[in-house]
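Colleague: So I've got this file, target-v4.txt, and it contains compact mmCIF, C-alpha atoms:
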# COMPACT_ATOMS: atom_id res chain seq x y z
CA MET A 410 -9.66 10.08 18.01
CA ASN A 411 -10.57 9.94 14.32
CA ASN A 412 -7.77 11.32 12.16
CA SER A 413 -9.73 11.17 8.90
CA TYR A 414 -8.83 14.77 8.10
CA LEU A 415 -5.25 13.64 7.62
CA ASP A 416 -5.81 12.86 3.97
CA GLU A 417 -2.91 14.36 2.03
CA THR A 418 -0.48 11.48 2.15
CA PHE A 419 -0.72 7.78 1.70
CA GLU A 420 0.61 5.08 4.03
CA ASP A 421 2.91 2.43 2.60
CA SER A 422 1.03 -0.77 1.74
CA ARG A 423 1.34 -4.04 -0.11
CA SER A 424 -1.15 -5.70 -2.44
CA GLU A 425 -2.14 -9.34 -2.68
CA THR A 426 -4.57 -11.39 -4.74
CA VAL A 427 -6.60 -13.94 -2.77
CA THR A 428 -8.58 -16.52 -4.74
CA SER A 429 -11.46 -18.49 -3.28
CA LEU A 430 -12.06 -22.17 -4.03
CA GLN A 431 -15.33 -23.75 -5.02
CA SER A 432 -15.46 -25.22 -1.52
CA ASP A 433 -15.53 -21.66 -0.11
CA THR A 434 -18.92 -20.99 -1.71
CA GLY A 435 -21.34 -19.43 0.76
CA LYS A 436 -18.72 -18.14 3.23
CA ARG A 437 -18.84 -14.51 4.34
CA LEU A 438 -16.00 -12.49 2.85
CA ASP A 439 -14.66 -11.23 6.20
CA SER A 440 -14.57 -14.77 7.56
CA PHE A 441 -12.83 -16.07 4.44
CA LEU A 442 -10.15 -13.34 4.51
CA SER A 443 -9.63 -13.87 8.22
CA GLU A 444 -8.77 -17.51 7.55
CA ARG A 445 -6.67 -16.98 4.43
CA LEU A 446 -4.66 -13.97 5.65
CA SER A 447 -4.31 -15.00 9.31
CA LEU A 448 -6.18 -11.91 10.50
CA THR A 449 -8.73 -11.42 13.22
CA ARG A 450 -12.27 -11.22 11.92
CA SER A 451 -12.49 -7.56 12.97
CA ALA A 452 -9.25 -6.74 11.14
CA ALA A 453 -10.54 -8.41 7.98
CA ALA A 454 -13.83 -6.51 8.31
CA LYS A 455 -11.94 -3.22 8.65
CA LEU A 456 -9.94 -3.93 5.49
CA ILE A 457 -13.23 -4.41 3.65
CA SER A 458 -15.00 -1.38 5.15
CA ASP A 459 -11.96 0.80 4.34
CA GLY A 460 -12.31 -0.13 0.66
CA ASN A 461 -9.11 -2.19 0.60
CA VAL A 462 -10.76 -5.33 -0.80
CA THR A 463 -12.01 -5.37 -4.40
CA LEU A 464 -13.70 -7.77 -6.77
CA PHE A 465 -13.47 -6.88 -10.46
CA ASP A 466 -11.74 -3.67 -9.31
CA LYS A 467 -14.73 -2.56 -7.23
CA PRO A 468 -14.93 -2.50 -3.40
CA VAL A 469 -17.12 -5.19 -1.85
CA ASN A 470 -19.22 -5.41 1.32
CA LYS A 471 -18.07 -7.43 4.33
CA ASN A 472 -21.36 -9.37 4.20
CA TYR A 473 -20.64 -10.53 0.66
CA LYS A 474 -21.15 -14.29 0.28
CA LEU A 475 -18.51 -16.07 -1.79
CA LYS A 476 -19.54 -17.76 -5.02
CA GLY A 477 -16.28 -19.71 -5.37
CA ASN A 478 -13.41 -19.33 -7.82
CA GLU A 479 -13.26 -15.55 -7.32
CA SER A 480 -10.10 -13.44 -7.14
CA PHE A 481 -10.08 -10.57 -4.65
CA GLY A 482 -7.56 -7.73 -4.65
CA VAL A 483 -6.45 -6.92 -1.10
CA VAL A 484 -4.38 -3.92 -0.01
CA LEU A 485 -2.70 -4.65 3.33
CA PRO A 486 -1.43 -1.53 5.13
CA GLU A 487 1.99 -1.98 6.65
CA PRO A 488 2.01 -1.91 10.47
CA GLU A 489 2.89 1.46 11.92
CA LEU A 490 5.90 1.92 14.13
CA CYS A 491 5.37 1.90 17.87
CA GLU A 492 6.70 5.39 18.48
CA ALA A 493 8.53 8.23 16.76
CA ILE A 494 11.97 9.05 18.19
CA PRO A 495 13.31 12.63 18.52
CA GLU A 496 16.15 13.38 16.10
CA ASN A 497 18.36 16.46 15.86
CA ILE A 498 17.42 17.44 12.31
CA PRO A 499 17.51 21.14 11.34
CA LEU A 500 14.13 22.75 10.74
CA ASP A 501 13.25 25.79 8.62
CA ILE A 502 10.88 27.46 11.09
CA VAL A 503 8.76 30.22 9.59
CA TYR A 504 6.77 30.99 12.76
CA GLU A 505 6.42 29.61 16.29
CA ASP A 506 4.51 30.44 19.45
CA ASN A 507 3.08 28.46 22.37
CA ASP A 508 0.30 26.95 20.26
CA ILE A 509 1.52 26.42 16.69
CA ILE A 510 4.67 26.06 14.66
CA VAL A 511 4.83 26.69 10.92
CA VAL A 512 7.66 24.94 9.08
CA ASN A 513 8.96 24.94 5.53
CA LYS A 514 9.42 21.23 4.80
CA PRO A 515 12.15 20.44 2.28
CA GLN A 516 11.43 18.30 -0.75
CA GLY A 517 12.39 14.69 -0.05
CA MET A 518 11.43 14.69 3.64
CA VAL A 519 8.60 12.42 4.78
CA VAL A 520 6.15 14.06 7.20
CA HIS A 521 5.85 11.20 9.71
CA PRO A 522 7.32 7.73 10.26
CA ALA A 523 5.81 4.80 8.38
CA ALA A 524 7.01 1.45 7.11
CA GLY A 525 10.05 2.13 4.94
CA ASN A 526 10.64 5.53 6.57
CA PRO A 527 11.16 4.90 10.29
CA ASN A 528 13.26 7.98 10.91
CA GLY A 529 14.56 11.22 9.39
CA THR A 530 11.01 12.56 9.15
CA LEU A 531 9.53 15.93 9.99
CA VAL A 532 7.94 14.45 13.11
CA ASN A 533 11.32 13.17 14.34
CA ALA A 534 12.73 16.68 13.91
CA LEU A 535 9.72 18.34 15.57
CA MET A 536 9.93 16.05 18.58
CA TYR A 537 13.56 17.04 19.14
CA HIS A 538 12.82 20.74 18.70
CA CYS A 539 9.57 20.89 20.69
CA GLY A 540 10.15 18.25 23.33
CA ASP A 541 6.80 17.40 24.90
CA SER A 542 5.14 20.48 23.40
CA LEU A 543 3.21 18.79 20.59
CA SER A 544 -0.44 17.80 20.59
CA GLY A 545 -1.14 14.17 21.37
CA ILE A 546 -4.16 13.79 19.12
CA GLY A 547 -2.14 12.37 16.24
CA GLY A 548 -0.82 9.59 18.48
CA VAL A 549 2.77 8.46 18.90
CA ILE A 550 3.39 8.42 15.13
CA ARG A 551 1.90 11.80 14.20
CA PRO A 552 2.14 14.12 17.22
CA GLY A 553 1.04 17.62 16.23
CA ILE A 554 0.38 16.76 12.59
CA VAL A 555 -2.82 18.39 11.35
CA HIS A 556 -2.24 18.14 7.59
CA ARG A 557 0.42 16.62 5.38
CA ILE A 558 2.15 17.02 2.03
CA ASP A 559 3.88 14.42 -0.11
CA LYS A 560 7.49 13.44 0.43
CA ASP A 561 8.54 14.98 -2.90
CA THR A 562 6.56 18.19 -2.33
CA GLY A 563 8.22 20.91 -0.30
CA GLY A 564 6.62 23.83 1.48
CA LEU A 565 4.59 25.06 4.40
CA LEU A 566 2.81 23.05 7.08
CA VAL A 567 1.25 24.20 10.34
CA VAL A 568 1.76 21.92 13.34
CA ALA A 569 -0.22 22.00 16.59
CA LYS A 570 1.64 22.23 19.90
CA ASN A 571 -1.36 21.37 22.10
CA ASP A 572 -4.66 19.55 21.76
CA ALA A 573 -6.82 22.69 21.79
CA ALA A 574 -4.88 24.12 18.86
CA HIS A 575 -5.01 20.77 17.06
CA LEU A 576 -8.78 20.45 17.34
CA ALA A 577 -9.39 24.02 16.20
CA LEU A 578 -7.06 23.74 13.21
CA ALA A 579 -8.50 20.37 12.20
CA GLU A 580 -12.01 21.82 12.28
CA ASP A 581 -10.96 24.83 10.19
CA ILE A 582 -9.34 22.54 7.61
CA LYS A 583 -12.48 20.40 7.52
CA GLU A 584 -14.60 23.53 6.99
CA HIS A 585 -12.25 24.79 4.21
CA LYS A 586 -11.18 27.80 6.30
CA VAL A 587 -7.42 27.23 5.89
CA ALA A 588 -6.07 28.42 2.54
CA ARG A 589 -3.23 26.34 1.11
CA VAL A 590 -1.64 27.81 -2.00
CA TYR A 591 0.83 25.91 -4.19
CA GLU A 592 2.93 26.68 -7.23
CA ALA A 593 3.53 24.02 -9.86
CA ILE A 594 5.02 23.52 -13.30
CA VAL A 595 2.86 21.37 -15.55
CA LEU A 596 3.16 19.88 -18.99
CA GLY A 597 1.34 21.58 -21.85
CA ASN A 598 -0.44 24.89 -22.23
CA PHE A 599 -3.87 25.78 -20.84
CA ARG A 600 -6.46 27.38 -23.08
CA GLU A 601 -7.88 29.40 -20.19
CA ASP A 602 -6.11 31.62 -17.68
CA SER A 603 -7.85 30.09 -14.67
CA GLY A 604 -10.34 27.43 -13.69
CA THR A 605 -11.60 24.99 -11.07
CA VAL A 606 -11.42 21.21 -10.99
CA ASN A 607 -14.31 19.75 -9.01
CA ALA A 608 -13.81 16.01 -9.31
CA PRO A 609 -13.97 13.34 -6.57
CA ILE A 610 -10.80 11.43 -5.77
CA GLY A 611 -10.43 7.85 -4.57
CA ARG A 612 -8.05 4.97 -4.93
CA HIS A 613 -7.19 4.02 -8.49
CA PRO A 614 -9.39 1.06 -9.50
CA THR A 615 -6.47 -1.09 -10.71
CA ASP A 616 -3.35 0.40 -9.07
CA ARG A 617 -4.15 0.62 -5.38
CA LYS A 618 -1.06 2.70 -4.57
CA LYS A 619 -2.29 5.51 -6.82
CA MET A 620 -5.25 7.85 -6.59
CA ALA A 621 -7.59 8.81 -9.42
CA VAL A 622 -10.62 10.88 -10.31
CA ILE A 623 -13.52 8.52 -9.57
CA ARG A 624 -16.90 9.18 -11.18
CA ASP A 625 -18.42 5.75 -10.69
CA PRO A 626 -20.97 6.19 -7.85
CA SER A 627 -20.48 2.58 -6.77
CA MET A 628 -16.80 3.25 -5.94
CA ARG A 629 -15.50 5.07 -2.87
CA ALA A 630 -14.34 8.63 -3.49
CA ARG A 631 -14.26 11.94 -1.64
CA GLU A 632 -15.11 15.42 -2.85
CA ALA A 633 -12.04 17.24 -4.16
CA VAL A 634 -11.84 20.84 -5.40
CA THR A 635 -8.76 22.62 -6.79
CA HIS A 636 -8.70 26.21 -8.05
CA TRP A 637 -5.90 27.01 -10.51
CA SER A 638 -4.57 30.01 -12.42
CA VAL A 639 -1.76 30.55 -14.91
CA ILE A 640 1.29 32.49 -13.72
CA ARG A 641 3.43 32.16 -16.86
CA ARG A 642 3.30 30.15 -20.08
CA PHE A 643 6.45 28.56 -21.49
CA GLY A 644 5.21 26.89 -24.66
CA GLN A 645 5.31 23.20 -23.75
CA PHE A 646 5.13 23.96 -20.01
CA THR A 647 3.03 26.23 -17.78
CA HIS A 648 3.80 27.73 -14.38
CA ILE A 649 0.57 27.74 -12.36
CA CYS A 650 -0.83 28.57 -8.94
CA CYS A 651 -3.21 26.11 -7.24
CA GLU A 652 -5.36 26.72 -4.18
CA LEU A 653 -6.86 23.75 -2.40
CA GLU A 654 -10.46 23.86 -1.24
CA THR A 655 -10.10 20.28 -0.03
CA GLY A 656 -6.97 18.29 0.78
CA ARG A 657 -7.08 14.80 -0.66
CA THR A 658 -4.14 12.50 -1.22
CA HIS A 659 -2.16 13.68 -4.27
CA GLN A 660 -5.01 16.08 -5.07
CA ILE A 661 -3.19 18.61 -7.27
CA ARG A 662 -1.24 15.88 -9.04
CA VAL A 663 -4.37 13.87 -9.82
CA HIS A 664 -6.50 16.86 -10.82
CA MET A 665 -3.87 18.32 -13.14
CA ALA A 666 -3.28 14.91 -14.73
CA SER A 667 -7.04 14.59 -15.28
CA LEU A 668 -6.88 17.80 -17.32
CA GLY A 669 -4.00 16.45 -19.41
CA HIS A 670 -1.47 18.66 -17.63
CA SER A 671 0.58 16.34 -15.40
CA LEU A 672 3.18 17.95 -13.16
CA LEU A 673 6.69 18.11 -14.56
CA GLY A 674 8.75 15.32 -12.98
CA ASP A 675 5.73 13.37 -11.70
CA THR A 676 6.53 9.84 -12.82
CA VAL A 677 3.44 8.44 -11.05
CA TYR A 678 0.84 10.52 -12.86
CA GLY A 679 2.38 10.94 -16.30
CA GLY A 680 4.62 13.97 -15.94
CA GLY A 681 7.98 12.18 -15.97
CA GLY A 682 10.26 11.15 -18.78
CA THR A 683 10.32 14.43 -20.70
CA SER A 684 13.48 15.43 -22.56
CA PHE A 685 13.60 18.61 -20.46
CA GLU A 686 13.61 16.52 -17.28
CA ALA A 687 16.33 14.22 -18.63
CA LYS A 688 18.49 17.22 -19.50
CA HIS A 689 18.00 19.00 -16.17
CA ARG A 690 17.70 16.09 -13.76
CA ALA A 691 19.92 17.86 -11.21
CA TRP A 692 17.03 20.26 -10.57
CA ILE A 693 14.07 17.89 -10.93
CA ASN A 694 13.70 15.16 -8.32
CA GLY A 695 10.01 14.39 -8.10
CA GLN A 696 7.06 16.57 -9.08
CA CYS A 697 7.57 20.32 -9.48
CA LEU A 698 5.16 21.35 -6.74
CA PHE A 699 5.67 23.65 -3.77
CA ALA A 700 3.34 24.68 -0.91
CA ARG A 701 4.09 28.40 -1.00
CA GLU A 702 1.44 30.04 1.18
CA LEU A 703 -0.76 29.32 4.21
CA ARG A 704 -3.60 31.56 5.36
CA LEU A 705 -5.29 30.61 8.61
CA THR A 706 -6.98 31.79 11.77
CA HIS A 707 -4.79 31.29 14.82
CA PRO A 708 -6.49 28.49 16.76
CA ILE A 709 -6.23 30.27 20.12
CA THR A 710 -5.93 34.04 19.54
CA LYS A 711 -8.23 33.93 16.46
CA LYS A 712 -5.90 36.35 14.68
CA GLN A 713 -5.82 36.09 10.88
CA MET A 714 -2.33 34.98 9.80
CA THR A 715 -0.59 34.60 6.45
CA PHE A 716 2.69 32.74 5.93
CA GLU A 717 4.74 32.59 2.76
CA ALA A 718 7.90 30.72 1.79
CA PRO A 719 10.20 31.52 -1.14
CA LEU A 720 10.38 29.05 -3.98
CA PRO A 721 13.27 26.61 -3.46
CA ASP A 722 16.43 27.03 -5.52
CA ASN A 723 15.80 24.00 -7.74
CA PHE A 724 12.29 25.23 -8.61
CA LYS A 725 13.67 28.68 -9.46
CA ALA A 726 16.40 27.06 -11.58
CA VAL A 727 13.77 25.20 -13.63
CA LEU A 728 11.83 28.43 -14.16
CA ALA A 729 15.00 30.25 -15.19
CA GLN A 730 15.83 27.56 -17.74
CA LEU A 731 12.28 27.62 -19.16
CA GLU A 732 12.57 31.40 -19.43
CA LYS A 733 15.86 30.98 -21.29
CA ASP A 734 14.39 28.37 -23.63
CA CYS A 735 11.37 30.51 -24.53
Take the structure in this file and express it as structure tokens.

Modeller:
Amino acid sequence: MNNSYLDETFEDSRSETVTSLQSDTGKRLDSFLSERLSLTRSAAAKLISDGNVTLFDKPVNKNYKLKGNESFGVVLPEPELCEAIPENIPLDIVYEDNDIIVVNKPQGMVVHPAAGNPNGTLVNALMYHCGDSLSGIGGVIRPGIVHRIDKDTGGLLVVAKNDAAHLALAEDIKEHKVARVYEAIVLGNFREDSGTVNAPIGRHPTDRKKMAVIRDPSMRAREAVTHWSVIRRFGQFTHICCELETGRTHQIRVHMASLGHSLLGDTVYGGGGTSFEAKHRAWINGQCLFARELRLTHPITKKQMTFEAPLPDNFKAVLAQLEKDC
């Protein structure tokens, strides 16, 4: 089953540079990488087709013939774990029935196991709570997981408890029928009160563990649309609401950074290192972003449902301090 709709979080990976010799001239790229990285030919071809092999920071085709003395950037995904293990971890359950469960994920919790995070994840907790009542479409690593949010983003996720619910929710997300509303605190002040960022997102051309707005048609990118509006202005900071039309990896973080308004505390995309953050580090641990609201059609009953979660205490503390400083 293709899980391409699971696009809100990145897997851990490592990068390597592989340089061809003059004697490699004329070899196919997939054959060359297979030899140099001790991979099967099909595995090397998949790395290339997934856009994980670049030459001069641009993805290349698996049929590319080497010219010799070329340096290729290669991103090698870490192998996934064999199976997630149930763990007795408390869950903040907002809603549950026989088909879905809506949880309020705390900031700092990873959604599913991956290299570097084999346990303590939301999936481990869900498996303990639900037993065998999770959809199998996500496989042994992601049972029930229909969409994801970053480790350092807290808030609402809907999880499928059977395959029928999973397929229906995945289709609704693909068709932009599930509303996901976030609140964020960003650097700077917007001129307008609201707007839309419609800018494709793909892997950063030079830092393969980051994402970026990609406008070069020769590079791989996916449509990404974020609607935003100002809730409150605090001089050097702005409290905003963001609604996702799509759900790409790090979408809000990348789109806001592209506008020059990186999220407060986001060290990856330019929102870290402020004097405010340094002074109030007890409240800021990662980007100030929270998935506050979900609006969806129940996958089985077809009832329209809205779920909301209160802002976490640390987020409210930051807002209170900004209010005080104004």

Colleague: Quick one: pull the distance between atom CA of Asp675 of chain A and atom CA of Val512 of chain A, Å, one decimal.

Modeller: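 About the pair atom CA of Asp675 of chain A and atom CA of Val512 of chain A: they are 23.9 Å apart.
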
Colleague: Got a sec: who's within 10 Å of Asp559 of chain A, counting only C-alpha atoms, leaving out chain neighbours fewer than 3 positions off, as a VMD selection string?

Modeller: chain A and resid 417 to 419 516 to 520 562 to 564 658 to 659 696 698

Colleague: Which residues come within 12 Å of Asp616 of chain A, counting only C-alpha atoms, excluding same-chain residues fewer than 3 positions away, as a ChimeraX atom specification?

Modeller: /A:422-425,461,463,466-467,482-484,611-613,619-621,677-678

Colleague: Find the residues near Asp501 of chain A: any atom within 10 Å, counting all atoms listed in the file, skip ones fewer than 6 places away on the same chain, and give them as a list in words.

Modeller: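 Final neighbour list, sorted by chain and number: Val511, Val512, Asn513, Lys514, Pro515, Gly564, Leu565 and Ala718 of chain A.
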
Colleague: Using all atoms listed in the file, which residues sit within 8 Å of Leu430 of chain A once same-chain residues fewer than 2 positions away are excluded, as an MDAnalysis selection string?

Modeller: chainID A and resid 428 432:434 477:479
